[in-house]
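As provided, final-v2.csv (CSV, N, CA and C atoms) reads as follows.
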```
chain,number,residue,atom,x,y,z
A,27,MET,N,-13.9,-69.3,3.2
A,27,MET,CA,-13.6,-68.5,4.5
A,27,MET,C,-14.1,-67.1,4.3
A,28,PRO,N,-14.9,-66.6,5.3
A,28,PRO,CA,-15.4,-65.2,5.1
A,28,PRO,C,-14.3,-64.2,5.2
A,29,ALA,N,-14.5,-63.0,4.5
A,29,ALA,CA,-13.6,-61.9,4.7
A,29,ALA,C,-14.1,-61.1,5.9
A,30,ILE,N,-13.3,-60.2,6.4
A,30,ILE,CA,-13.6,-59.4,7.6
A,30,ILE,C,-13.3,-58.0,7.2
A,31,TYR,N,-14.3,-57.1,7.5
A,31,TYR,CA,-14.1,-55.7,7.4
A,31,TYR,C,-14.0,-55.2,8.8
A,32,ASP,N,-13.0,-54.5,9.2
A,32,ASP,CA,-12.7,-54.0,10.5
A,32,ASP,C,-12.2,-52.6,10.6
A,33,ARG,N,-13.0,-51.7,10.9
A,33,ARG,CA,-12.6,-50.3,11.0
A,33,ARG,C,-13.2,-49.8,12.3
A,34,LYS,N,-12.8,-48.6,12.7
A,34,LYS,CA,-13.2,-48.0,14.0
A,34,LYS,C,-14.7,-48.1,14.3
A,35,GLU,N,-15.5,-47.7,13.3
A,35,GLU,CA,-16.9,-47.6,13.5
A,35,GLU,C,-17.7,-48.9,13.3
A,36,LEU,N,-17.0,-49.8,12.6
A,36,LEU,CA,-17.8,-51.0,12.1
A,36,LEU,C,-16.9,-52.2,11.8
A,37,THR,N,-17.4,-53.3,12.3
A,37,THR,CA,-16.7,-54.6,12.0
A,37,THR,C,-17.8,-55.6,11.6
A,38,PHE,N,-17.6,-56.3,10.4
A,38,PHE,CA,-18.5,-57.4,10.0
A,38,PHE,C,-17.8,-58.4,9.1
A,39,GLN,N,-18.4,-59.6,9.0
A,39,GLN,CA,-17.9,-60.6,8.1
A,39,GLN,C,-18.8,-60.6,6.9
A,40,TYR,N,-18.2,-61.0,5.8
A,40,TYR,CA,-19.0,-61.1,4.5
A,40,TYR,C,-18.3,-62.1,3.6
A,41,PRO,N,-19.1,-62.7,2.7
A,41,PRO,CA,-18.5,-63.7,1.8
A,41,PRO,C,-17.3,-63.2,1.0
A,42,ASP,N,-16.2,-63.9,1.0
A,42,ASP,CA,-15.0,-63.4,0.4
A,42,ASP,C,-15.1,-63.3,-1.1
A,43,ASN,N,-16.2,-63.8,-1.8
A,43,ASN,CA,-16.4,-63.6,-3.2
A,43,ASN,C,-17.3,-62.4,-3.5
A,44,TRP,N,-17.7,-61.6,-2.5
A,44,TRP,CA,-18.5,-60.4,-2.7
A,44,TRP,C,-17.5,-59.2,-2.8
A,45,LYS,N,-17.9,-58.2,-3.6
A,45,LYS,CA,-17.0,-57.0,-3.8
A,45,LYS,C,-17.3,-56.0,-2.7
A,46,LEU,N,-16.2,-55.5,-2.1
A,46,LEU,CA,-16.3,-54.5,-1.1
A,46,LEU,C,-16.1,-53.1,-1.7
A,47,ASP,N,-16.9,-52.2,-1.3
A,47,ASP,CA,-16.8,-50.8,-1.7
A,47,ASP,C,-17.0,-49.9,-0.5
A,48,GLU,N,-16.2,-48.9,-0.4
A,48,GLU,CA,-16.4,-48.0,0.8
A,48,GLU,C,-16.0,-46.6,0.5
A,49,ASP,N,-16.7,-45.6,1.1
A,49,ASP,CA,-16.3,-44.2,1.0
A,49,ASP,C,-14.9,-44.1,1.8
A,50,PRO,N,-14.2,-43.0,1.5
A,50,PRO,CA,-12.9,-42.8,2.2
A,50,PRO,C,-13.1,-42.8,3.7
A,51,PRO,N,-12.2,-43.4,4.4
A,51,PRO,CA,-12.2,-43.4,5.9
A,51,PRO,C,-12.2,-42.0,6.4
A,52,GLY,N,-12.9,-41.8,7.6
A,52,GLY,CA,-12.8,-40.5,8.2
A,52,GLY,C,-14.0,-39.6,7.8
A,53,GLU,N,-14.6,-39.8,6.6
A,53,GLU,CA,-15.7,-39.0,6.2
A,53,GLU,C,-17.0,-39.5,6.8
A,54,ILE,N,-17.8,-38.6,7.3
A,54,ILE,CA,-19.1,-39.0,7.9
A,54,ILE,C,-20.1,-38.0,7.3
A,55,PRO,N,-21.2,-38.4,6.7
A,55,PRO,CA,-21.7,-39.7,6.5
A,55,PRO,C,-20.8,-40.5,5.6
A,56,ARG,N,-20.8,-41.8,5.7
A,56,ARG,CA,-20.0,-42.7,5.0
A,56,ARG,C,-20.8,-44.0,4.7
A,57,THR,N,-20.5,-44.6,3.5
A,57,THR,CA,-21.2,-45.9,3.2
A,57,THR,C,-20.1,-46.9,2.9
A,58,VAL,N,-20.4,-48.1,3.5
A,58,VAL,CA,-19.6,-49.3,3.3
A,58,VAL,C,-20.6,-50.4,2.7
A,59,SER,N,-20.2,-51.0,1.6
A,59,SER,CA,-21.1,-52.0,1.1
A,59,SER,C,-20.4,-53.2,0.5
A,60,VAL,N,-21.1,-54.3,0.4
A,60,VAL,CA,-20.6,-55.5,-0.2
A,60,VAL,C,-21.7,-56.0,-1.2
A,61,THR,N,-21.2,-56.4,-2.4
A,61,THR,CA,-22.2,-56.8,-3.4
A,61,THR,C,-21.8,-58.1,-4.0
A,62,ALA,N,-22.8,-59.0,-4.2
A,62,ALA,CA,-22.6,-60.3,-4.9
A,62,ALA,C,-22.7,-60.1,-6.4
A,63,GLU,N,-22.2,-61.1,-7.1
A,63,GLU,CA,-22.3,-61.0,-8.6
A,63,GLU,C,-23.8,-61.0,-9.1
A,64,ASN,N,-24.7,-61.6,-8.3
A,64,ASN,CA,-26.1,-61.6,-8.7
A,64,ASN,C,-26.9,-60.3,-8.4
A,65,GLY,N,-26.2,-59.3,-7.8
A,65,GLY,CA,-26.8,-58.0,-7.5
A,65,GLY,C,-27.3,-57.9,-6.1
A,66,ALA,N,-27.2,-59.0,-5.3
A,66,ALA,CA,-27.6,-58.9,-3.9
A,66,ALA,C,-26.5,-58.0,-3.2
A,67,TYR,N,-27.0,-57.3,-2.2
A,67,TYR,CA,-26.0,-56.4,-1.4
A,67,TYR,C,-26.4,-56.3,0.0
A,68,TRP,N,-25.3,-55.8,0.8
A,68,TRP,CA,-25.5,-55.4,2.2
A,68,TRP,C,-24.7,-54.1,2.3
A,69,ALA,N,-25.3,-53.1,2.9
A,69,ALA,CA,-24.7,-51.8,3.0
A,69,ALA,C,-25.0,-51.2,4.4
A,70,ALA,N,-24.0,-50.5,4.9
A,70,ALA,CA,-24.1,-49.7,6.1
A,70,ALA,C,-23.8,-48.3,5.8
A,71,MET,N,-24.7,-47.4,6.2
A,71,MET,CA,-24.4,-46.0,6.1
A,71,MET,C,-24.2,-45.4,7.5
A,72,ILE,N,-23.1,-44.8,7.7
A,72,ILE,CA,-22.7,-44.3,9.0
A,72,ILE,C,-22.9,-42.8,9.1
A,73,TYR,N,-23.6,-42.4,10.1
A,73,TYR,CA,-23.9,-41.0,10.4
A,73,TYR,C,-23.5,-40.6,11.8
A,74,GLU,N,-23.2,-39.3,11.9
A,74,GLU,CA,-23.0,-38.8,13.3
A,74,GLU,C,-24.4,-38.8,14.0
A,75,ILE,N,-24.4,-39.1,15.2
A,75,ILE,CA,-25.6,-39.3,16.0
A,75,ILE,C,-26.4,-38.0,16.0
A,76,SER,N,-25.7,-36.8,15.9
A,76,SER,CA,-26.4,-35.5,15.9
A,76,SER,C,-27.0,-35.1,14.6
A,77,SER,N,-26.7,-35.8,13.5
A,77,SER,CA,-27.1,-35.4,12.1
A,77,SER,C,-28.5,-35.6,11.8
A,78,SER,N,-29.1,-36.8,12.2
A,78,SER,CA,-30.5,-37.1,12.0
A,78,SER,C,-30.9,-38.1,13.0
A,79,SER,N,-32.2,-38.1,13.3
A,79,SER,CA,-32.8,-39.1,14.2
A,79,SER,C,-33.1,-40.4,13.4
A,80,GLU,N,-33.3,-41.4,14.1
A,80,GLU,CA,-33.6,-42.7,13.5
A,80,GLU,C,-34.9,-42.6,12.6
A,81,ASP,N,-35.9,-41.8,13.1
A,81,ASP,CA,-37.1,-41.7,12.3
A,81,ASP,C,-36.8,-40.9,11.0
A,82,GLU,N,-36.0,-39.8,11.1
A,82,GLU,CA,-35.7,-39.0,9.9
A,82,GLU,C,-34.9,-39.9,8.9
A,83,LEU,N,-34.0,-40.7,9.3
A,83,LEU,CA,-33.2,-41.5,8.4
A,83,LEU,C,-34.1,-42.5,7.7
A,84,LYS,N,-35.0,-43.2,8.5
A,84,LYS,CA,-35.9,-44.1,7.9
A,84,LYS,C,-36.9,-43.5,6.9
A,85,ARG,N,-37.4,-42.3,7.3
A,85,ARG,CA,-38.3,-41.6,6.4
A,85,ARG,C,-37.7,-41.3,5.0
A,86,GLU,N,-36.4,-40.8,5.1
A,86,GLU,CA,-35.7,-40.4,3.9
A,86,GLU,C,-35.4,-41.6,3.0
A,87,TYR,N,-35.0,-42.7,3.7
A,87,TYR,CA,-34.7,-44.0,2.9
A,87,TYR,C,-35.9,-44.5,2.2
A,88,LEU,N,-37.0,-44.6,3.0
A,88,LEU,CA,-38.3,-45.1,2.4
A,88,LEU,C,-38.8,-44.2,1.3
A,89,GLU,N,-38.7,-42.9,1.4
A,89,GLU,CA,-39.1,-42.0,0.4
A,89,GLU,C,-38.4,-42.2,-0.9
A,90,THR,N,-37.1,-42.5,-0.9
A,90,THR,CA,-36.3,-42.8,-2.1
A,90,THR,C,-36.9,-44.0,-2.8
A,91,PHE,N,-37.3,-45.0,-2.0
A,91,PHE,CA,-37.9,-46.2,-2.7
A,91,PHE,C,-39.3,-45.9,-3.2
A,92,ARG,N,-40.1,-45.1,-2.4
A,92,ARG,CA,-41.4,-44.8,-2.9
A,92,ARG,C,-41.4,-44.1,-4.2
A,93,LYS,N,-40.4,-43.2,-4.4
A,93,LYS,CA,-40.3,-42.5,-5.7
A,93,LYS,C,-39.9,-43.4,-6.9
A,94,GLU,N,-39.2,-44.4,-6.6
A,94,GLU,CA,-38.6,-45.3,-7.6
A,94,GLU,C,-39.6,-46.4,-8.0
A,95,TYR,N,-40.3,-47.0,-7.0
A,95,TYR,CA,-41.1,-48.2,-7.2
A,95,TYR,C,-42.6,-47.9,-6.8
A,96,GLU,N,-43.5,-47.9,-7.8
A,96,GLU,CA,-44.9,-47.6,-7.5
A,96,GLU,C,-45.6,-48.8,-6.8
A,97,ASP,N,-45.1,-50.0,-6.9
A,97,ASP,CA,-45.7,-51.1,-6.3
A,97,ASP,C,-45.1,-51.5,-5.0
A,98,LEU,N,-44.4,-50.6,-4.4
A,98,LEU,CA,-43.6,-50.9,-3.1
A,98,LEU,C,-44.6,-51.3,-2.0
A,99,GLU,N,-44.2,-52.4,-1.3
A,99,GLU,CA,-44.9,-52.9,-0.1
A,99,GLU,C,-43.9,-52.7,1.0
A,100,ILE,N,-44.4,-52.1,2.1
A,100,ILE,CA,-43.6,-51.9,3.3
A,100,ILE,C,-44.2,-52.5,4.5
A,101,GLU,N,-43.4,-53.2,5.3
A,101,GLU,CA,-43.9,-53.9,6.5
A,101,GLU,C,-42.9,-53.9,7.6
A,102,SER,N,-43.4,-53.6,8.8
A,102,SER,CA,-42.6,-53.6,10.0
A,102,SER,C,-42.5,-55.0,10.5
A,103,VAL,N,-41.3,-55.4,10.8
A,103,VAL,CA,-41.0,-56.8,11.2
A,103,VAL,C,-40.1,-56.8,12.4
A,104,GLN,N,-40.1,-57.9,13.1
A,104,GLN,CA,-39.1,-58.2,14.2
A,104,GLN,C,-38.1,-59.2,13.8
A,105,ILE,N,-36.8,-58.9,13.9
A,105,ILE,CA,-35.8,-59.9,13.5
A,105,ILE,C,-35.1,-60.4,14.7
A,106,PRO,N,-34.8,-61.7,14.7
A,106,PRO,CA,-34.1,-62.3,15.9
A,106,PRO,C,-32.6,-61.8,16.0
A,107,VAL,N,-32.2,-61.4,17.2
A,107,VAL,CA,-30.9,-61.1,17.4
A,107,VAL,C,-30.5,-61.8,18.7
A,108,GLY,N,-29.8,-62.9,18.6
A,108,GLY,CA,-29.6,-63.7,19.8
A,108,GLY,C,-30.9,-64.2,20.4
A,109,GLU,N,-31.1,-64.0,21.6
A,109,GLU,CA,-32.4,-64.3,22.3
A,109,GLU,C,-33.4,-63.2,22.3
A,110,ALA,N,-33.0,-62.1,21.7
A,110,ALA,CA,-33.9,-60.9,21.7
A,110,ALA,C,-34.4,-60.7,20.2
A,111,SER,N,-35.0,-59.6,20.0
A,111,SER,CA,-35.4,-59.2,18.6
A,111,SER,C,-35.3,-57.7,18.4
A,112,MET,N,-35.2,-57.3,17.2
A,112,MET,CA,-35.1,-55.9,16.9
A,112,MET,C,-36.1,-55.5,15.8
A,113,ALA,N,-36.6,-54.3,15.9
A,113,ALA,CA,-37.5,-53.8,14.9
A,113,ALA,C,-36.8,-53.5,13.6
A,114,ALA,N,-37.3,-53.9,12.5
A,114,ALA,CA,-36.8,-53.6,11.2
A,114,ALA,C,-37.9,-53.3,10.2
A,115,THR,N,-37.6,-52.9,9.0
A,115,THR,CA,-38.6,-52.6,8.0
A,115,THR,C,-38.3,-53.5,6.7
A,116,ASP,N,-39.2,-54.2,6.3
A,116,ASP,CA,-39.1,-55.0,5.0
A,116,ASP,C,-39.8,-54.2,3.9
A,117,LEU,N,-39.1,-54.3,2.7
A,117,LEU,CA,-39.7,-53.7,1.5
A,117,LEU,C,-39.7,-54.8,0.5
A,118,GLN,N,-40.7,-54.8,-0.3
A,118,GLN,CA,-40.8,-55.7,-1.5
A,118,GLN,C,-41.3,-54.9,-2.7
A,119,PHE,N,-40.7,-55.1,-3.8
A,119,PHE,CA,-41.0,-54.4,-5.0
A,119,PHE,C,-40.6,-55.2,-6.2
A,120,TYR,N,-41.1,-54.8,-7.4
A,120,TYR,CA,-40.7,-55.5,-8.6
A,120,TYR,C,-39.7,-54.6,-9.3
A,121,CYS,N,-38.6,-55.2,-9.8
A,121,CYS,CA,-37.6,-54.5,-10.6
A,121,CYS,C,-37.4,-55.4,-11.8
A,122,LEU,N,-37.7,-54.8,-13.0
A,122,LEU,CA,-37.7,-55.6,-14.2
A,122,LEU,C,-38.8,-56.7,-13.9
A,123,ASP,N,-38.4,-58.0,-14.1
A,123,ASP,CA,-39.4,-59.0,-13.8
A,123,ASP,C,-39.1,-59.8,-12.5
A,124,PHE,N,-38.3,-59.2,-11.6
A,124,PHE,CA,-37.9,-59.8,-10.4
A,124,PHE,C,-38.6,-59.2,-9.2
A,125,LEU,N,-39.0,-60.1,-8.3
A,125,LEU,CA,-39.5,-59.6,-7.0
A,125,LEU,C,-38.3,-59.4,-6.1
A,126,VAL,N,-38.1,-58.2,-5.6
A,126,VAL,CA,-37.0,-57.9,-4.7
A,126,VAL,C,-37.4,-57.7,-3.3
A,127,HIS,N,-36.6,-58.3,-2.4
A,127,HIS,CA,-36.8,-58.1,-0.9
A,127,HIS,C,-35.7,-57.3,-0.3
A,128,SER,N,-36.0,-56.3,0.4
A,128,SER,CA,-35.0,-55.5,1.0
A,128,SER,C,-35.4,-55.3,2.5
A,129,ARG,N,-34.4,-55.2,3.3
A,129,ARG,CA,-34.6,-55.0,4.8
A,129,ARG,C,-33.8,-53.8,5.3
A,130,LEU,N,-34.4,-53.0,6.1
A,130,LEU,CA,-33.7,-51.8,6.7
A,130,LEU,C,-33.7,-52.0,8.2
A,131,LEU,N,-32.6,-51.7,8.8
A,131,LEU,CA,-32.4,-51.7,10.2
A,131,LEU,C,-31.6,-50.5,10.6
A,132,ILE,N,-32.0,-49.8,11.6
A,132,ILE,CA,-31.3,-48.6,12.1
A,132,ILE,C,-30.9,-48.8,13.5
A,133,LEU,N,-29.6,-48.6,13.8
A,133,LEU,CA,-29.0,-48.8,15.1
A,133,LEU,C,-28.3,-47.5,15.5
A,134,THR,N,-28.3,-47.3,16.8
A,134,THR,CA,-27.5,-46.2,17.4
A,134,THR,C,-26.4,-46.8,18.3
A,135,ARG,N,-25.1,-46.6,18.0
A,135,ARG,CA,-24.0,-47.1,18.7
A,135,ARG,C,-23.0,-46.0,19.0
A,136,GLY,N,-22.8,-45.7,20.3
A,136,GLY,CA,-21.8,-44.7,20.6
A,136,GLY,C,-22.2,-43.3,20.0
A,137,ASN,N,-21.3,-42.7,19.3
A,137,ASN,CA,-21.5,-41.4,18.6
A,137,ASN,C,-22.1,-41.6,17.2
A,138,HIS,N,-22.4,-42.8,16.8
A,138,HIS,CA,-22.8,-43.0,15.4
A,138,HIS,C,-24.2,-43.6,15.3
A,139,ARG,N,-24.8,-43.3,14.2
A,139,ARG,CA,-26.1,-44.0,13.9
A,139,ARG,C,-25.8,-44.8,12.6
A,140,LEU,N,-26.2,-46.0,12.6
A,140,LEU,CA,-26.0,-46.9,11.4
A,140,LEU,C,-27.3,-47.2,10.8
A,141,LEU,N,-27.4,-46.9,9.5
A,141,LEU,CA,-28.5,-47.4,8.7
A,141,LEU,C,-28.0,-48.6,7.9
A,142,ILE,N,-28.5,-49.8,8.2
A,142,ILE,CA,-28.1,-51.0,7.5
A,142,ILE,C,-29.2,-51.5,6.7
A,143,ALA,N,-28.8,-51.8,5.4
A,143,ALA,CA,-29.8,-52.3,4.5
A,143,ALA,C,-29.2,-53.5,3.7
A,144,TRP,N,-30.0,-54.5,3.5
A,144,TRP,CA,-29.6,-55.6,2.6
A,144,TRP,C,-30.7,-56.0,1.7
A,145,GLN,N,-30.3,-56.5,0.5
A,145,GLN,CA,-31.3,-56.7,-0.5
A,145,GLN,C,-30.9,-57.8,-1.4
A,146,ALA,N,-31.9,-58.6,-1.9
A,146,ALA,CA,-31.7,-59.7,-2.8
A,146,ALA,C,-33.0,-60.0,-3.5
A,147,GLU,N,-32.9,-60.7,-4.6
A,147,GLU,CA,-34.1,-61.2,-5.2
A,147,GLU,C,-34.8,-62.1,-4.2
A,148,ASP,N,-36.1,-62.0,-4.1
A,148,ASP,CA,-36.9,-62.6,-3.1
A,148,ASP,C,-36.6,-64.1,-2.9
A,149,ARG,N,-36.4,-64.8,-4.0
A,149,ARG,CA,-36.2,-66.2,-3.8
A,149,ARG,C,-34.8,-66.5,-3.2
A,150,ASP,N,-33.9,-65.6,-3.2
A,150,ASP,CA,-32.6,-65.8,-2.6
A,150,ASP,C,-32.4,-65.1,-1.3
A,151,PHE,N,-33.3,-64.3,-0.9
A,151,PHE,CA,-33.2,-63.4,0.3
A,151,PHE,C,-32.9,-64.2,1.6
A,152,ASP,N,-33.7,-65.2,1.9
A,152,ASP,CA,-33.5,-65.9,3.2
A,152,ASP,C,-32.1,-66.7,3.2
A,153,LYS,N,-31.8,-67.2,2.1
A,153,LYS,CA,-30.5,-68.0,2.0
A,153,LYS,C,-29.3,-67.0,2.2
A,154,LEU,N,-29.4,-65.8,1.6
A,154,LEU,CA,-28.2,-64.9,1.6
A,154,LEU,C,-28.2,-64.1,2.9
A,155,GLU,N,-29.3,-63.9,3.6
A,155,GLU,CA,-29.4,-63.1,4.8
A,155,GLU,C,-28.4,-63.6,5.8
```

Structure encoded using structure tokens:
Amino acid sequence: MPAIYDRKELTFQYPDNWKLDEDPPGEIPRTVSVTAENGAYWAAMIYEISSSSEDELKREYLETFRKEYEDLEIESVQIPVGEASMAATDLQFYCLDFLVHSRLLILTRGNHRLLIAWQAEDRDFDKLE
């Protein structure tokens, strides 16, 4: 049975065997993440809408990865959401001997901007997504 995270700014389901970690409630920016034993994770970073634009958040996030991984590949993708689709950014890079697949999605909801990222070893990405 999935676990449920339900707070004012964010509600989501996640596998009950994943570890939940969150910054103290009420602080913004704030991060909420869930992590699997194999290192896969899903994370949401919550910002005030006035703090940064979607483009600024994306640029800062990608710059962090560019500094860390010299073989980083970045691709714009469309992901299905119901009968529609949303723009997202896929990243692929090698960490140790593993090909890692990461996806970035930025949403604006009410007074908050959400930077949502999930990552897993490439061979597990589709299954865990």

As a PyMOL selection string, which residues of chain A does DSSP assign to alpha helix (DSSP H)? chain A and resi 80-94+148-154

Among listed residues A:Glu80, A:Asp148, A:Glu94, A:Glu109, nearest Phe124 in chain A (using only C-alpha atoms):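 Looking only at the distances to Phe124 in chain A, the closest residue turns out to be A:Asp148.
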
CA of Thr115 in chain A to atom C of Glu86 in chain A: how many Å, to one decimal?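 Those two atoms sit 12.5 Å apart.
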
Residues within 6.5 Å of range 116-120 of chain A, please, as a PyMOL selection string. Count only N, CA and C atoms; anything in the same chain fewer than 4 positions from it doesn't count. chain A and resi 97-103+124-130

Excluding Val58 in chain A and its own-chain neighbours fewer than 6 positions away, which residues fall within 8 Å of it when counting all atoms listed in the file? Please give them as a count of residues only. 9

List the neighbours of Lys84 in chain A out to 9 Å using only C-alpha atoms; skip same-chain residues closer than 3 positions along the sequence, and give me the result as JSON, numbers by chain. {"A": [79, 80, 81, 87, 88, 89, 115, 130, 131, 132, 141]}

Could you please determine the separation between CA of Ala66 in chain A and CA of Trp144 in chain A in Å, to one decimal place? 7.6 Å

Atomic distance CA of Arg33 in chain A - atom N of Ile105 in chain A, expressed in Å with one decimal: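 Going from CA of Arg33 in chain A over to atom N of Ile105 in chain A covers 25.8 Å.
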
Which residues are near Glu74 in chain A? Cut-off 8 Å, all atoms listed in the file, ignore same chain within fewer than 3 positions. Put them as a JSON list (two decimals) with N, CA and C atoms, in the coordinates of the input.
```json
[["chain", "number", "residue", "atom", "x", "y", "z"],
["A", 54, "ILE", "N", -17.80, -38.60, 7.30],
["A", 54, "ILE", "CA", -19.10, -39.00, 7.90],
["A", 54, "ILE", "C", -20.10, -38.00, 7.30],
["A", 55, "PRO", "N", -21.20, -38.40, 6.70],
["A", 55, "PRO", "CA", -21.70, -39.70, 6.50],
["A", 55, "PRO", "C", -20.80, -40.50, 5.60],
["A", 56, "ARG", "N", -20.80, -41.80, 5.70],
["A", 56, "ARG", "CA", -20.00, -42.70, 5.00],
["A", 56, "ARG", "C", -20.80, -44.00, 4.70],
["A", 71, "MET", "N", -24.70, -47.40, 6.20],
["A", 71, "MET", "CA", -24.40, -46.00, 6.10],
["A", 71, "MET", "C", -24.20, -45.40, 7.50],
["A", 77, "SER", "N", -26.70, -35.80, 13.50],
["A", 77, "SER", "CA", -27.10, -35.40, 12.10],
["A", 77, "SER", "C", -28.50, -35.60, 11.80],
["A", 78, "SER", "N", -29.10, -36.80, 12.20],
["A", 78, "SER", "CA", -30.50, -37.10, 12.00],
["A", 78, "SER", "C", -30.90, -38.10, 13.00],
["A", 79, "SER", "N", -32.20, -38.10, 13.30],
["A", 79, "SER", "CA", -32.80, -39.10, 14.20],
["A", 79, "SER", "C", -33.10, -40.40, 13.40],
["A", 136, "GLY", "N", -22.80, -45.70, 20.30],
["A", 136, "GLY", "CA", -21.80, -44.70, 20.60],
["A", 136, "GLY", "C", -22.20, -43.30, 20.00],
["A", 137, "ASN", "N", -21.30, -42.70, 19.30],
["A", 137, "ASN", "CA", -21.50, -41.40, 18.60],
["A", 137, "ASN", "C", -22.10, -41.60, 17.20],
["A", 138, "HIS", "N", -22.40, -42.80, 16.80],
["A", 138, "HIS", "CA", -22.80, -43.00, 15.40],
["A", 138, "HIS", "C", -24.20, -43.60, 15.30],
["A", 139, "ARG", "N", -24.80, -43.30, 14.20],
["A", 139, "ARG", "CA", -26.10, -44.00, 13.90],
["A", 139, "ARG", "C", -25.80, -44.80, 12.60],
["A", 140, "LEU", "N", -26.20, -46.00, 12.60],
["A", 140, "LEU", "CA", -26.00, -46.90, 11.40],
["A", 140, "LEU", "C", -27.30, -47.20, 10.80]]
```

Secondary structure check, strand (DSSP E or B) residues of chain A, as a ChimeraX atom specification: /A:29-32,37-40,45-48,56-61,67-74,99-107,110-121,124-135,138-147

Using all atoms listed in the file: which of A:Ser111, A:Asn64, A:Ile75, A:Arg92 has the shortest distance to Ala146 in chain A: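 For Ala146 in chain A, the nearest of the candidates is A:Asn64.
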
Write out as an NGL selection string each polymer residue whose atoms come within 7 Å of Ala62 in chain A, counting all atoms listed in the file; drop sequence neighbours fewer than 6 positions from it. :A and (43-45 or 68)
